[in-house]
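To start, the structure itself, in structure tokens.
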Amino acid sequence: MEQSFFKSIAEKARQSPAIAARLAADHRVVRARVVARGLMQSTADKIRQLPPLAVDLARHRQLAEARALVLALAAPVVQAARQPPETVLRLLRDPKVVFAGGFIALLIVLALGAPLIAPKDPLAQNLILATVPPAGFADAEAGFWLGTDGLGRDVLSRVIYGSRVSLTVAFVAAGLACAIGSLLGLLAGFLRGWVDAVISRLVEIWMAFPPVLLSILLVAVLGTGLHSVIAAIVVIDWTRFCRVVRTEAMAQGQMDYVVAARTVGFSRPAILFREIFPNVMPVLIALLTLEMGIAVVVEAILSFVGLSVSSDTPTWGGMIAEGRQIVHEAWWVLAVPLAALFATVVAFNQLGDGLARSLDPVLRR
Amino acid sequence: MSAPRLAIDALSAISSRDGNKPILRRVSLAVGVGEVHGVVGESGAGKSTIAKAILGIIPSQVKITGGSVGFEGQNLLSISAQALRSLLGRDIALVPQDPSTALNPSRRIDAQITDGLRLKRGLSAREARRRAHALLEEVQIRDSERVLKCYPHQLSGGMRQRVLIAAAFGLEPKLVIADEPTTALDVTVQKQILRLIRLLQERHGTSVLFVSHDLGVVAKICDRLTVLYMGKVMEQGTTEEVLNRPRHTYTQALLAANPRYDRPDTGLEPTPPEVIAALRAEIAAFDAAAAGAGNG
């Protein structure tokens, strides 16, 4: 299996420069090549940074393998750049994907570019300008578009900075939970037998723990901080992926085309990754985006009770907690982060729905 | 006749779900090199179980209780899973029954055809793709470029079956198992598919085990026939012999049950109860003899 895997990578590697050459005229291909070269460069750099002895050993075989791997990884990028079409176009036709995806893309830009985009320092206090209402209301101050909180900090800037924590948690925690849960789920659903029995019992026992208690316990043991929040979400929510993927893999395993693949003498890993996994993908993507929404909410809850990152980092949950205390004097301090949280979760859910629909080759007829 | 390519000898199987009911009763049959051998019988006769036993995909409730499946001097029932895996696809291939479910719905045709070529024949991606083109042309798909880029649901049933036939013959196997390959197709398409299988089989000298319940279909394509009833071989011989001069009462009943479109007024006569009783008695006698031999 490994041998054929490496062989196929090597083949891809041998192929892709030829493909790229043929397509050098296409600017998208050129861009993809630049990306690939960058990846190769950074791999080479990493290898160069190893201790001298290791470098000597690595120079030949591993370098070649790493290059082959990078090229293999870049091949689909080149491929996608060559024919962006169909799938991408179909995605762009789905309003759910366009609006929800657009909103999340905007959020990502805001989070990445927070220092450049945020109009004010999110931590700068000014007690003279405390609880200034948003622009357009009486007593509004110029420059504070969404008003200030009880300590005179700019709400807009804090919401923008708060998106960093939310999105980090959404992508990292949901991604890890998805990777762990779906791998175990695939194994359980495909291999059945004792593997399934062990994994399924584990999931059942796991799910018997109250999740909120478990997460608070975890944060208490690990200490507060972003890592702990992510760990808590992964530890609790991998079961969600595991159960769904297991059922799906089991259903797919019964299908005729899987039996047909067995009659061609494919190995079990080949069947798992070529036949079953692509058919689990639509469900997995839907679940992943859903989980991102859940992760955002969980982070907000943990921030709300003060178990997330330290209080000098703005978070939506933390802002909601602060806003709650002064909601009668300054409703916007509560309303703005709440709206951001709400819109983000809705966007993730809608995106998942749209992606699942557009990516399923059978549904999308 | 030279040594057969596939030699099934006294193959017996029971279904543990139905109280160990026998589903194959000492079935023996041989498929010669370049021969199309039909296995006919009504549903439940054990036709598909034979195909599954060869391919190593018998369902868990079915137990093989005896006999052997000889292929090129090896017993497929006793070789390791890995040895069987290396034979499958390369030397033995399947044309499945239902083309609408036998292709992976979320992968394009090119990926599904080239998979086998790359994994089992070690072709490079480019070679495999070129070969896939040639294969589709061989199964008379003219716009192979478009078909290769399609997902299965974008193709008609006949087209999918052609793709599956291309994939099966593409690895140049020595033996192709065709498990009711035309049952799920329109009658008009059936004919083309049969002709295609025959054409490819003759061109490559492939042996074919053709499982079907349709006497009209096997009459068109098979050289030799095995008639199966309740897992027991009732009659064996050349297609000509079996269909024109059936010796066994079951074969006669089976032929009588075939609708005759040229004489619509005769209608469909149910098989006479005394024939069924006689067949049941024959099976019971066989089982008793087998049990006696087992005990003695």
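Chain lettering (A, B, ...) mirrors the order of the structure tokens, residue numbering begins at 1 for each chain separately, and ligand numbering begins at 1 in order of display.
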Counting only C-alpha atoms, collect the residues of chain A whose closest atom lies at most 6 Å from chain B, and write them out as a compact mmCIF listing (two decimals) with C-alpha atoms, in the first residue's frame.
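And here is the file that came out, out_8.txt:
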```txt
# COMPACT_ATOMS: atom_id res chain seq x y z
CA ASP A 256 -22.44 -2.05 -5.01
CA TYR A 257 -19.54 0.07 -6.12
CA THR A 263 -13.76 -7.53 -6.94
CA VAL A 264 -11.05 -5.53 -8.70
CA GLY A 265 -8.81 -6.55 -5.84
CA ASN A 279 -18.93 9.93 -0.73
CA PRO A 361 -22.63 15.00 -7.24
```
Q: Please provide as a PyMOL selection string all residues within 9 Å of Gly143 (chain A), with the sequence filter that same-chain residues fewer than 2 positions apart are discarded (counting only C-alpha atoms).
A: chain A and resi 119-120+135+141+145-147+154
Q | Distance query Gly189 (chain A) at most 12 Å, only C-alpha atoms, self and fewer than 2 positions along chain excluded, as a PyMOL selection string | A | chain A and resi 181-187+191-200+242-254+272+276-277+280
Dump of C-alpha atoms for the selected residues, as a CSV table (one decimal), in the first residue's frame:
```
chain,number,residue,atom,x,y,z
A,181,GLY,CA,-13.5,12.1,14.8
A,182,SER,CA,-13.9,11.4,11.1
A,183,LEU,CA,-10.7,9.2,11.0
A,184,LEU,CA,-12.0,7.1,13.9
A,185,GLY,CA,-15.5,7.1,12.3
A,186,LEU,CA,-14.2,6.0,9.0
A,187,LEU,CA,-12.2,3.2,10.6
A,191,LEU,CA,-13.5,-2.1,9.3
A,192,ARG,CA,-16.5,-3.0,11.5
A,193,GLY,CA,-15.8,-5.9,13.9
A,194,TRP,CA,-13.8,-5.3,17.0
A,195,VAL,CA,-12.4,-1.9,15.8
A,196,ASP,CA,-16.0,-0.7,15.5
A,197,ALA,CA,-16.9,-2.1,18.9
A,198,VAL,CA,-14.0,-0.4,20.7
A,199,ILE,CA,-14.6,3.0,19.0
A,200,SER,CA,-18.3,2.9,19.4
A,242,CYS,CA,-17.2,10.0,14.7
A,243,ARG,CA,-20.8,9.0,14.9
A,244,VAL,CA,-22.0,10.6,11.7
A,245,VAL,CA,-19.0,9.5,9.6
A,246,ARG,CA,-19.2,6.0,11.0
A,247,THR,CA,-22.9,5.6,10.0
A,248,GLU,CA,-22.2,7.1,6.6
A,249,ALA,CA,-19.1,4.9,6.0
A,250,MET,CA,-21.1,1.9,7.0
A,251,ALA,CA,-23.9,2.8,4.5
A,252,GLN,CA,-21.4,3.4,1.8
A,253,GLY,CA,-19.6,0.2,2.5
A,254,GLN,CA,-22.7,-1.7,1.6
A,272,LEU,CA,-11.5,3.5,2.0
A,276,ILE,CA,-15.9,5.6,0.5
A,277,PHE,CA,-14.3,8.8,1.6
A,280,VAL,CA,-18.6,10.9,2.9
```
(Q) Under the rule that only C-alpha atoms are counted, which of B:Lys174, B:Lys220, B:His37, B:Lys47 is the nearest residue to Ile193 (chain B)? (A) B:Lys220
Q: Apply DSSP to the structure's backbone, then extract all residues of region 24-198 of chain B labelled strand (DSSP E or B) and return them as a ChimeraX atom specification.
A: /B:24-31,36-40,62-71,74-75,88,92-95,175-179
Written selection (C-alpha atoms) as a PDB file, in the first residue's frame:
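To be explicit, this is the file written out as result-v3.pdb:
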```pdb
ATOM      1  CA  LEU B  24     -25.264 -24.902  -3.266  1.00  0.00           C
ATOM      2  CA  ARG B  25     -25.354 -28.695  -3.539  1.00  0.00           C
ATOM      3  CA  ARG B  26     -22.082 -30.123  -4.844  1.00  0.00           C
ATOM      4  CA  VAL B  27     -21.984 -27.890  -7.899  1.00  0.00           C
ATOM      5  CA  SER B  28     -19.339 -28.744 -10.468  1.00  0.00           C
ATOM      6  CA  LEU B  29     -18.733 -26.886 -13.653  1.00  0.00           C
ATOM      7  CA  ALA B  30     -15.822 -26.104 -15.914  1.00  0.00           C
ATOM      8  CA  VAL B  31     -15.236 -23.071 -18.105  1.00  0.00           C
ATOM      9  CA  VAL B  36     -18.749 -18.457 -22.546  1.00  0.00           C
ATOM     10  CA  HIS B  37     -20.392 -20.623 -19.939  1.00  0.00           C
ATOM     11  CA  GLY B  38     -23.928 -19.772 -18.893  1.00  0.00           C
ATOM     12  CA  VAL B  39     -25.315 -20.498 -15.456  1.00  0.00           C
ATOM     13  CA  VAL B  40     -29.110 -20.374 -15.558  1.00  0.00           C
ATOM     14  CA  VAL B  62     -23.189 -17.903   3.706  1.00  0.00           C
ATOM     15  CA  LYS B  63     -20.749 -20.653   4.611  1.00  0.00           C
ATOM     16  CA  ILE B  64     -18.880 -22.689   2.051  1.00  0.00           C
ATOM     17  CA  THR B  65     -19.034 -26.251   3.337  1.00  0.00           C
ATOM     18  CA  GLY B  66     -17.025 -28.067   0.732  1.00  0.00           C
ATOM     19  CA  GLY B  67     -15.612 -28.227  -2.733  1.00  0.00           C
ATOM     20  CA  SER B  68     -13.107 -26.103  -4.545  1.00  0.00           C
ATOM     21  CA  VAL B  69     -12.871 -23.302  -7.083  1.00  0.00           C
ATOM     22  CA  GLY B  70      -9.899 -24.057  -9.276  1.00  0.00           C
ATOM     23  CA  PHE B  71      -8.359 -21.277 -11.295  1.00  0.00           C
ATOM     24  CA  GLN B  74      -4.983 -22.766  -7.491  1.00  0.00           C
ATOM     25  CA  ASN B  75      -7.993 -23.237  -5.254  1.00  0.00           C
ATOM     26  CA  LEU B  88      -8.836 -10.133  -8.865  1.00  0.00           C
ATOM     27  CA  ILE B  92     -10.509 -12.284 -12.915  1.00  0.00           C
ATOM     28  CA  ALA B  93     -12.911  -9.375 -13.416  1.00  0.00           C
ATOM     29  CA  LEU B  94     -16.582  -8.750 -12.757  1.00  0.00           C
ATOM     30  CA  VAL B  95     -19.231  -7.153 -14.921  1.00  0.00           C
ATOM     31  CA  LEU B 175     -11.871 -14.821 -16.780  1.00  0.00           C
ATOM     32  CA  VAL B 176     -14.786 -12.416 -16.659  1.00  0.00           C
ATOM     33  CA  ILE B 177     -17.701 -13.066 -14.348  1.00  0.00           C
ATOM     34  CA  ALA B 178     -20.816 -11.470 -15.809  1.00  0.00           C
ATOM     35  CA  ASP B 179     -23.471 -11.444 -13.088  1.00  0.00           C
TER      36      ASP B 179
END
```
Q.
So that I can see what lies close to region 234-236 of chain B, please list as a PyMOL selection string the residues with an atom at most 12 Å from it, counting only C-alpha atoms and leaving out residues fewer than 2 positions away in the same chain.
A. chain B and resi 25-31+37-41+45+223-232+238-243+245-254+279+282-283+286
Q | Ile197 (chain B) surroundings by only C-alpha atoms, 12 Å radius, close-in-sequence under 3 positions cut, as a ChimeraX atom specification | A | /B:36,95,138-140,161-166,168-169,176-178,181-182,190-194,200-210,217,220-222
Q: If you run DSSP over the backbone, which residues in region 119-330 of chain A end up alpha helix (DSSP H)? Put them as number ranges by chain.
A: A: 155-168, 174-191, 193-208, 211-222, 226-253, 256-263, 268-270, 277-304, 316-325
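Using only C-alpha atoms, the smallest distance between any of A:Val297, A:Val309, A:Gln350, A:Gly318 and Ile285 (chain A) comes from A:Gln350.
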I'd like the neighbourhood of region 92-101 of chain A as a PDB file with N, CA and C atoms, in the first residue's frame, where a residue qualifies if any of its atoms comes within 9 Å (using only C-alpha atoms), though same-chain residues fewer than 4 positions away should be ignored.
```
ATOM      1  N   THR A  87     -17.206  22.892 -10.627  1.00  0.00           N
ATOM      2  CA  THR A  87     -17.495  22.889  -9.203  1.00  0.00           C
ATOM      3  C   THR A  87     -17.534  24.305  -8.659  1.00  0.00           C
ATOM      4  N   VAL A  88     -16.503  25.081  -8.993  1.00  0.00           N
ATOM      5  CA  VAL A  88     -16.431  26.443  -8.483  1.00  0.00           C
ATOM      6  C   VAL A  88     -17.623  27.257  -8.993  1.00  0.00           C
ATOM      7  N   ALA A 105     -15.671  35.178   4.546  1.00  0.00           N
ATOM      8  CA  ALA A 105     -14.443  35.694   3.933  1.00  0.00           C
ATOM      9  C   ALA A 105     -14.146  37.101   4.454  1.00  0.00           C
ATOM     10  N   LEU A 106     -15.195  37.930   4.547  1.00  0.00           N
ATOM     11  CA  LEU A 106     -15.044  39.292   5.073  1.00  0.00           C
ATOM     12  C   LEU A 106     -14.520  39.244   6.507  1.00  0.00           C
ATOM     13  N   THR A 344     -22.265  35.317  12.603  1.00  0.00           N
ATOM     14  CA  THR A 344     -21.204  34.369  12.266  1.00  0.00           C
ATOM     15  C   THR A 344     -21.721  32.936  12.308  1.00  0.00           C
ATOM     16  N   VAL A 346     -24.846  31.899  12.084  1.00  0.00           N
ATOM     17  CA  VAL A 346     -25.803  31.681  10.990  1.00  0.00           C
ATOM     18  C   VAL A 346     -25.041  31.478   9.678  1.00  0.00           C
ATOM     19  N   ALA A 347     -24.019  32.304   9.453  1.00  0.00           N
ATOM     20  CA  ALA A 347     -23.258  32.202   8.207  1.00  0.00           C
ATOM     21  C   ALA A 347     -22.601  30.833   8.079  1.00  0.00           C
ATOM     22  N   PHE A 348     -21.997  30.349   9.169  1.00  0.00           N
ATOM     23  CA  PHE A 348     -21.359  29.026   9.112  1.00  0.00           C
ATOM     24  C   PHE A 348     -22.384  27.953   8.788  1.00  0.00           C
ATOM     25  N   ASN A 349     -23.541  28.030   9.445  1.00  0.00           N
ATOM     26  CA  ASN A 349     -24.559  27.002   9.206  1.00  0.00           C
ATOM     27  C   ASN A 349     -25.058  27.022   7.770  1.00  0.00           C
ATOM     28  N   GLN A 350     -25.305  28.235   7.273  1.00  0.00           N
ATOM     29  CA  GLN A 350     -25.815  28.348   5.907  1.00  0.00           C
ATOM     30  C   GLN A 350     -24.771  27.895   4.897  1.00  0.00           C
ATOM     31  N   LEU A 351     -23.521  28.238   5.178  1.00  0.00           N
ATOM     32  CA  LEU A 351     -22.444  27.839   4.275  1.00  0.00           C
ATOM     33  C   LEU A 351     -22.362  26.317   4.198  1.00  0.00           C
ATOM     34  N   GLY A 352     -22.461  25.684   5.363  1.00  0.00           N
ATOM     35  CA  GLY A 352     -22.401  24.225   5.409  1.00  0.00           C
ATOM     36  C   GLY A 352     -23.511  23.611   4.585  1.00  0.00           C
ATOM     37  N   ASP A 353     -24.705  24.163   4.757  1.00  0.00           N
ATOM     38  CA  ASP A 353     -25.869  23.677   4.021  1.00  0.00           C
ATOM     39  C   ASP A 353     -25.644  23.808   2.518  1.00  0.00           C
ATOM     40  N   GLY A 354     -25.205  24.996   2.113  1.00  0.00           N
ATOM     41  CA  GLY A 354     -24.990  25.257   0.689  1.00  0.00           C
ATOM     42  C   GLY A 354     -23.894  24.387   0.108  1.00  0.00           C
ATOM     43  N   LEU A 355     -22.801  24.227   0.858  1.00  0.00           N
ATOM     44  CA  LEU A 355     -21.688  23.415   0.367  1.00  0.00           C
ATOM     45  C   LEU A 355     -22.117  21.968   0.208  1.00  0.00           C
ATOM     46  N   ARG A 357     -24.975  20.803  -0.396  1.00  0.00           N
ATOM     47  CA  ARG A 357     -25.850  20.653  -1.540  1.00  0.00           C
ATOM     48  C   ARG A 357     -25.077  20.741  -2.847  1.00  0.00           C
ATOM     49  N   SER A 358     -24.149  21.698  -2.908  1.00  0.00           N
ATOM     50  CA  SER A 358     -23.461  21.914  -4.184  1.00  0.00           C
ATOM     51  C   SER A 358     -22.382  20.876  -4.452  1.00  0.00           C
TER      52      SER A 358
END
```
(Q) Report, in Å with one decimal, the straight-line distance from CA of Gly150 (chain A) to CA of Leu107 (chain A). (A) 25.4 Å
**Q.** Residue neighbourhood Ala132 (chain B), 8 Å, only C-alpha atoms, exclusion window fewer than 5 positions, as an MDAnalysis selection string
**A.** chainID B and resid 110 113:114 170
Could those residues be written to a file, using C-alpha atoms, as a PDB file, in the first residue's frame?
```
ATOM      1  CA  ASP B 110     -11.930   8.617 -15.879  1.00  0.00           C
ATOM      2  CA  ILE B 113     -11.479   3.435 -15.092  1.00  0.00           C
ATOM      3  CA  THR B 114      -7.881   4.480 -14.547  1.00  0.00           C
ATOM      4  CA  GLY B 170      -9.542  -3.285 -19.720  1.00  0.00           C
TER       5      GLY B 170
END
```
Q: Give me, please, the distance in Å between CA of Arg121 (chain B) and CA of Ser78 (chain B), quoted to one decimal.
A: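 The value is 24.5 Å.
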